[in-house]
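Working notes for the structure below.
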Amino acid sequence: RPIAADSRPLFAKHIVVTAGPTHEPIDPVRYIANRSSGKQGFAIAGALAALGARVSLIAGPVTLPTPAGVTRIDVETAREMAAAVENALPADAAVMVAAVADWRAAGAAEQKLKKAAGGVPSLQLLENPDILATVGHGPNRPRLLVGFAAETEHVVAHAQAKLSRKGADWIVANDVSGDVMGGDTNTVHLVSSDGVETWEHMPKADVATRLADRIAAALQAPEQ
Ligand code: CTP
Ligand code: CA
């Protein structure tokens with residue numbers, strides 16, 4: 001039975017997207033962070049909004065304009081991002097694109113650390129909450145939960161391990177062994193319990209529209 005083409009297949013769906021890095025303060029002028037421009041996550045948020053979704057974009061510190069039709073919540077640290085995500089739920093889907101810092105400095109200094117003759121300061125690190133895993137194993141788990149994984153080796157194997165560890169439906173595994181960081185193209189593998197789909201090298205904007213189409217298709221399928 002043919003179905004009429006629908007240009008807003010995500011109308012009335014709420015989707016949470018995380019993007020960018022997080023900054024974990026060491027002192028008022030220094031921080032720990034992952035490399036992330038936020039471009040891929042912002043493109044995905046925009047592509048989902050273009051399909052009619054209500055998008056809550058939880059953004060770490062980036063210098064990017066807010067995509068049209070997207071509600072943006074700016075955060076700085078992983079713990080702030082975790083709280084903002086919990087606050088934004090429930091949602092029909094969540095796409096965790098953020099490069100969350102795995103660790104933060106225990107007890108950030110209130111004043112700027114100064115160089116001293118006594119030697120270099122030592123940093124004690126604490127593990128940050130895993131936002132994706134918390135949502136994946138929590139009571140507000142969206143129907144479709146998508147994670148990202150930037151890997152430099154064993155890309156698909158690492159992504160498969162993350163699927164179950166984090167309770168995600170899909171992991172978009174990103175090969176960052178080249179010069180993807182900050183660039184405008186991406187090579188990704190869509191890893192799910194159905195198997196692995198390798199997408200050709202393409203602009204981040206195309207990864208975004210393709211992923212948004214797949215999300216729309218998944219949310220339109222009858223619930224299992
Ligand atoms: N993620 C998260 N919160 C964290 C760390 C990661 O939500 N504290 C999410 C990322 O947004 C991404 C997915 O988990 O969607 C995978 O992130 P990644 O850094 O690849 O996974 P880790 O479990 O941190 O493993 P690794 O040791 O490879 O960094
Ligand atoms: Ca990590």
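Note on naming: chains are A, B, ... as they come in the structure tokens, residues start from 1 per chain, ligands start from 1 in the order shown.
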
Inset, instruction - Might you pull out every residue within 9 Å of Pro203 in chain A, with only C-alpha atoms counted and same-chain residues fewer than 4 positions away left off, and present them as a list of chain:residue names? - result: A:Asp184, A:Thr185, A:Asn186, A:Thr187, A:Val207, A:Ala208

Store the residues picked out above, limited to all heavy atoms, as a PDB file, in the first residue's frame.
```pdb
ATOM      1  N   ASP A 184      35.150  18.866   7.887  1.00  0.00           N
ATOM      2  CA  ASP A 184      33.768  18.905   7.436  1.00  0.00           C
ATOM      3  C   ASP A 184      33.280  17.588   6.852  1.00  0.00           C
ATOM      4  O   ASP A 184      32.167  17.512   6.348  1.00  0.00           O
ATOM      5  CB  ASP A 184      33.589  20.025   6.407  1.00  0.00           C
ATOM      6  CG  ASP A 184      33.712  21.395   7.060  1.00  0.00           C
ATOM      7  OD1 ASP A 184      33.142  21.579   8.156  1.00  0.00           O
ATOM      8  OD2 ASP A 184      34.392  22.261   6.499  1.00  0.00           O
ATOM      9  N   THR A 185      34.126  16.552   6.904  1.00  0.00           N
ATOM     10  CA  THR A 185      33.693  15.242   6.407  1.00  0.00           C
ATOM     11  C   THR A 185      33.900  14.191   7.490  1.00  0.00           C
ATOM     12  O   THR A 185      34.589  14.435   8.482  1.00  0.00           O
ATOM     13  CB  THR A 185      34.482  14.813   5.155  1.00  0.00           C
ATOM     14  OG1 THR A 185      35.871  14.784   5.483  1.00  0.00           O
ATOM     15  CG2 THR A 185      34.236  15.766   3.998  1.00  0.00           C
ATOM     16  N   ASN A 186      33.304  13.034   7.262  1.00  0.00           N
ATOM     17  CA  ASN A 186      33.312  11.993   8.273  1.00  0.00           C
ATOM     18  C   ASN A 186      33.208  10.619   7.606  1.00  0.00           C
ATOM     19  O   ASN A 186      32.577  10.475   6.569  1.00  0.00           O
ATOM     20  CB  ASN A 186      32.103  12.193   9.196  1.00  0.00           C
ATOM     21  CG  ASN A 186      32.459  11.968  10.647  1.00  0.00           C
ATOM     22  OD1 ASN A 186      33.503  11.374  10.942  1.00  0.00           O
ATOM     23  ND2 ASN A 186      31.624  12.421  11.542  1.00  0.00           N
ATOM     24  N   THR A 187      33.826   9.618   8.201  1.00  0.00           N
ATOM     25  CA  THR A 187      33.627   8.224   7.794  1.00  0.00           C
ATOM     26  C   THR A 187      33.028   7.492   8.975  1.00  0.00           C
ATOM     27  O   THR A 187      33.648   7.451  10.043  1.00  0.00           O
ATOM     28  CB  THR A 187      34.975   7.567   7.419  1.00  0.00           C
ATOM     29  OG1 THR A 187      35.617   8.367   6.435  1.00  0.00           O
ATOM     30  CG2 THR A 187      34.749   6.172   6.862  1.00  0.00           C
ATOM     31  N   VAL A 207      26.040  13.037   6.605  1.00  0.00           N
ATOM     32  CA  VAL A 207      25.892  12.068   7.696  1.00  0.00           C
ATOM     33  C   VAL A 207      24.657  12.452   8.515  1.00  0.00           C
ATOM     34  O   VAL A 207      23.846  11.604   8.895  1.00  0.00           O
ATOM     35  CB  VAL A 207      27.142  12.045   8.603  1.00  0.00           C
ATOM     36  CG1 VAL A 207      26.893  11.216   9.859  1.00  0.00           C
ATOM     37  CG2 VAL A 207      28.349  11.498   7.838  1.00  0.00           C
ATOM     38  N   ALA A 208      24.493  13.749   8.751  1.00  0.00           N
ATOM     39  CA  ALA A 208      23.375  14.239   9.569  1.00  0.00           C
ATOM     40  C   ALA A 208      22.033  13.954   8.910  1.00  0.00           C
ATOM     41  O   ALA A 208      21.118  13.435   9.564  1.00  0.00           O
ATOM     42  CB  ALA A 208      23.539  15.735   9.822  1.00  0.00           C
TER      43      ALA A 208
END
```

With only C-alpha atoms as the counted atoms, please give the residues lying no more than 12 Å from Glu80 in chain A, apart from itself and same-chain residues fewer than 2 positions off, as an mmCIF file with C-alpha atoms, in the first residue's frame.
```
data_model
loop_
_atom_site.group_PDB
_atom_site.id
_atom_site.type_symbol
_atom_site.label_atom_id
_atom_site.label_comp_id
_atom_site.auth_asym_id
_atom_site.auth_seq_id
_atom_site.Cartn_x
_atom_site.Cartn_y
_atom_site.Cartn_z
ATOM 1 C CA THR A 18 24.133 16.331 22.945
ATOM 2 C CA THR A 22 32.645 19.482 27.882
ATOM 3 C CA HIS A 23 35.108 21.658 29.798
ATOM 4 C CA GLU A 24 36.218 20.468 33.209
ATOM 5 C CA ILE A 58 22.408 20.238 24.940
ATOM 6 C CA ALA A 59 25.595 21.943 23.809
ATOM 7 C CA GLY A 60 29.020 22.093 25.394
ATOM 8 C CA PRO A 61 31.249 25.115 24.734
ATOM 9 C CA ILE A 73 20.737 24.616 26.242
ATOM 10 C CA ASP A 74 24.371 25.613 26.813
ATOM 11 C CA VAL A 75 26.423 23.766 29.418
ATOM 12 C CA GLU A 76 30.060 23.636 30.400
ATOM 13 C CA THR A 77 30.847 20.457 32.349
ATOM 14 C CA ALA A 78 29.857 16.787 32.036
ATOM 15 C CA ALA A 82 24.041 15.109 32.530
ATOM 16 C CA ALA A 83 21.632 17.286 34.518
ATOM 17 C CA ALA A 84 20.424 19.126 31.401
ATOM 18 C CA VAL A 85 19.770 15.830 29.602
ATOM 19 C CA GLU A 86 17.763 14.448 32.549
ATOM 20 C CA ASN A 87 15.841 17.699 32.613
ATOM 21 C CA VAL A 100 32.192 14.212 27.051
ATOM 22 C CA ALA A 101 35.363 14.514 29.121
ATOM 23 C CA ASN A 128 32.555 11.815 35.192
ATOM 24 C CA PRO A 129 29.059 10.334 34.962
ATOM 25 C CA ILE A 131 25.429 10.270 30.365
#
```

Inset, instruction - Just the strand (DSSP E) stuff from range 79-163 of chain A, please, per backbone DSSP, written as a ChimeraX atom specification. - result: /A:93-96,103-105,125-127,144-151

File dump, residues just selected, N, CA and C atoms, as an mmCIF file, in the first residue's frame:
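The result, written out as again01.cif:
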```
data_model
loop_
_atom_site.group_PDB
_atom_site.id
_atom_site.type_symbol
_atom_site.label_atom_id
_atom_site.label_comp_id
_atom_site.auth_asym_id
_atom_site.auth_seq_id
_atom_site.Cartn_x
_atom_site.Cartn_y
_atom_site.Cartn_z
ATOM 1 N N ALA A 93 13.516 10.010 21.169
ATOM 2 C CA ALA A 93 14.848 9.527 20.799
ATOM 3 C C ALA A 93 15.890 10.448 21.418
ATOM 4 N N ALA A 94 17.086 9.925 21.620
ATOM 5 C CA ALA A 94 18.204 10.752 22.049
ATOM 6 C C ALA A 94 19.420 10.356 21.232
ATOM 7 N N VAL A 95 20.181 11.370 20.838
ATOM 8 C CA VAL A 95 21.380 11.151 20.035
ATOM 9 C C VAL A 95 22.537 11.826 20.761
ATOM 10 N N MET A 96 23.422 11.019 21.338
ATOM 11 C CA MET A 96 24.501 11.544 22.178
ATOM 12 C C MET A 96 25.767 11.680 21.343
ATOM 13 N N TRP A 103 37.043 12.464 32.516
ATOM 14 C CA TRP A 103 37.518 12.766 33.868
ATOM 15 C C TRP A 103 37.452 14.260 34.145
ATOM 16 N N ARG A 104 37.349 14.584 35.395
ATOM 17 C CA ARG A 104 37.435 15.980 35.835
ATOM 18 C C ARG A 104 38.468 16.057 36.945
ATOM 19 N N ALA A 105 38.959 17.260 37.181
ATOM 20 C CA ALA A 105 39.928 17.446 38.261
ATOM 21 C C ALA A 105 39.187 17.420 39.591
ATOM 22 N N LEU A 125 42.343 13.028 39.321
ATOM 23 C CA LEU A 125 41.181 12.979 38.432
ATOM 24 C C LEU A 125 40.072 12.126 39.021
ATOM 25 N N LEU A 126 38.838 12.540 38.777
ATOM 26 C CA LEU A 126 37.658 11.754 39.144
ATOM 27 C C LEU A 126 36.907 11.419 37.867
ATOM 28 N N GLU A 127 36.227 10.262 37.841
ATOM 29 C CA GLU A 127 35.483 9.885 36.641
ATOM 30 C C GLU A 127 34.159 10.643 36.580
ATOM 31 N N LEU A 144 14.331 5.200 21.085
ATOM 32 C CA LEU A 144 15.523 5.009 20.251
ATOM 33 C C LEU A 144 16.687 5.787 20.861
ATOM 34 N N LEU A 145 17.743 5.069 21.199
ATOM 35 C CA LEU A 145 18.901 5.700 21.846
ATOM 36 C C LEU A 145 20.140 5.467 20.992
ATOM 37 N N VAL A 146 20.738 6.577 20.559
ATOM 38 C CA VAL A 146 21.867 6.517 19.631
ATOM 39 C C VAL A 146 23.097 7.137 20.278
ATOM 40 N N GLY A 147 24.201 6.398 20.285
ATOM 41 C CA GLY A 147 25.460 6.940 20.779
ATOM 42 C C GLY A 147 26.441 7.121 19.637
ATOM 43 N N PHE A 148 27.486 7.850 19.892
ATOM 44 C CA PHE A 148 28.582 7.999 18.952
ATOM 45 C C PHE A 148 29.839 7.427 19.593
ATOM 46 N N ALA A 149 30.771 7.001 18.798
ATOM 47 C CA ALA A 149 32.048 6.568 19.350
ATOM 48 C C ALA A 149 33.153 6.973 18.394
ATOM 49 N N ALA A 150 34.018 7.830 18.868
ATOM 50 C CA ALA A 150 35.192 8.207 18.079
ATOM 51 C C ALA A 150 36.309 7.251 18.442
ATOM 52 N N GLU A 151 36.812 6.545 17.449
ATOM 53 C CA GLU A 151 37.850 5.550 17.726
ATOM 54 C C GLU A 151 39.026 5.761 16.767
#
```

Inset, instruction - Would you mind telling me which residue in A:Leu163, A:Ile26, A:Val55, A:Ala173 lies nearest to Ala133 in chain A when using only C-alpha atoms? - result: A:Leu163

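By only C-alpha atoms, and with residues fewer than 5 positions from Arg141 in chain A along its chain excluded, the set lying at most 8 Å from it is Pro90, Val135 and Gly136 of chain A.
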
Inset, instruction - Find the residues near Pro9 in chain A: any atom within 10 Å, counting only C-alpha atoms, skip ones fewer than 5 places away on the same chain, and give them as an MDAnalysis selection string. - result: chainID A and resid 48 50:53 213 215:217 219:220

Saved selection, atoms kept: N, CA and C atoms, as a PDB file, in the first residue's frame:
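Ended up saving to result-v1.pdb:
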```pdb
ATOM      1  N   LEU A  48      17.330  16.936  12.167  1.00  0.00           N
ATOM      2  CA  LEU A  48      16.143  16.400  12.844  1.00  0.00           C
ATOM      3  C   LEU A  48      15.036  17.457  12.896  1.00  0.00           C
ATOM      4  N   ALA A  50      14.648  19.835  10.786  1.00  0.00           N
ATOM      5  CA  ALA A  50      14.153  20.010   9.416  1.00  0.00           C
ATOM      6  C   ALA A  50      13.106  18.962   9.061  1.00  0.00           C
ATOM      7  N   LEU A  51      13.147  17.818   9.746  1.00  0.00           N
ATOM      8  CA  LEU A  51      12.133  16.778   9.516  1.00  0.00           C
ATOM      9  C   LEU A  51      10.943  16.948  10.454  1.00  0.00           C
ATOM     10  N   GLY A  52      10.925  18.066  11.187  1.00  0.00           N
ATOM     11  CA  GLY A  52       9.746  18.377  11.990  1.00  0.00           C
ATOM     12  C   GLY A  52       9.851  18.068  13.466  1.00  0.00           C
ATOM     13  N   ALA A  53      11.000  17.509  13.914  1.00  0.00           N
ATOM     14  CA  ALA A  53      11.125  17.152  15.324  1.00  0.00           C
ATOM     15  C   ALA A  53      11.249  18.398  16.200  1.00  0.00           C
ATOM     16  N   ASP A 213      17.124  10.696   8.615  1.00  0.00           N
ATOM     17  CA  ASP A 213      16.172   9.869   7.852  1.00  0.00           C
ATOM     18  C   ASP A 213      15.996   8.505   8.507  1.00  0.00           C
ATOM     19  N   ILE A 215      16.482   7.765  11.651  1.00  0.00           N
ATOM     20  CA  ILE A 215      15.772   7.941  12.920  1.00  0.00           C
ATOM     21  C   ILE A 215      14.274   8.088  12.661  1.00  0.00           C
ATOM     22  N   ALA A 216      13.936   8.858  11.623  1.00  0.00           N
ATOM     23  CA  ALA A 216      12.513   9.030  11.280  1.00  0.00           C
ATOM     24  C   ALA A 216      11.891   7.689  10.919  1.00  0.00           C
ATOM     25  N   ALA A 217      12.610   6.889  10.146  1.00  0.00           N
ATOM     26  CA  ALA A 217      12.084   5.577   9.742  1.00  0.00           C
ATOM     27  C   ALA A 217      11.888   4.690  10.973  1.00  0.00           C
ATOM     28  N   LEU A 219      11.371   5.593  14.085  1.00  0.00           N
ATOM     29  CA  LEU A 219      10.289   6.061  14.961  1.00  0.00           C
ATOM     30  C   LEU A 219       8.926   5.898  14.305  1.00  0.00           C
ATOM     31  N   GLN A 220       8.911   5.747  12.974  1.00  0.00           N
ATOM     32  CA  GLN A 220       7.622   5.535  12.302  1.00  0.00           C
ATOM     33  C   GLN A 220       7.221   4.071  12.289  1.00  0.00           C
TER      34      GLN A 220
END
```

Inset, instruction - Figure out the distance between CA of Val97 in chain A and CA of Ala157 in chain A, please, to one decimal in Å. - result: 18.8 Å
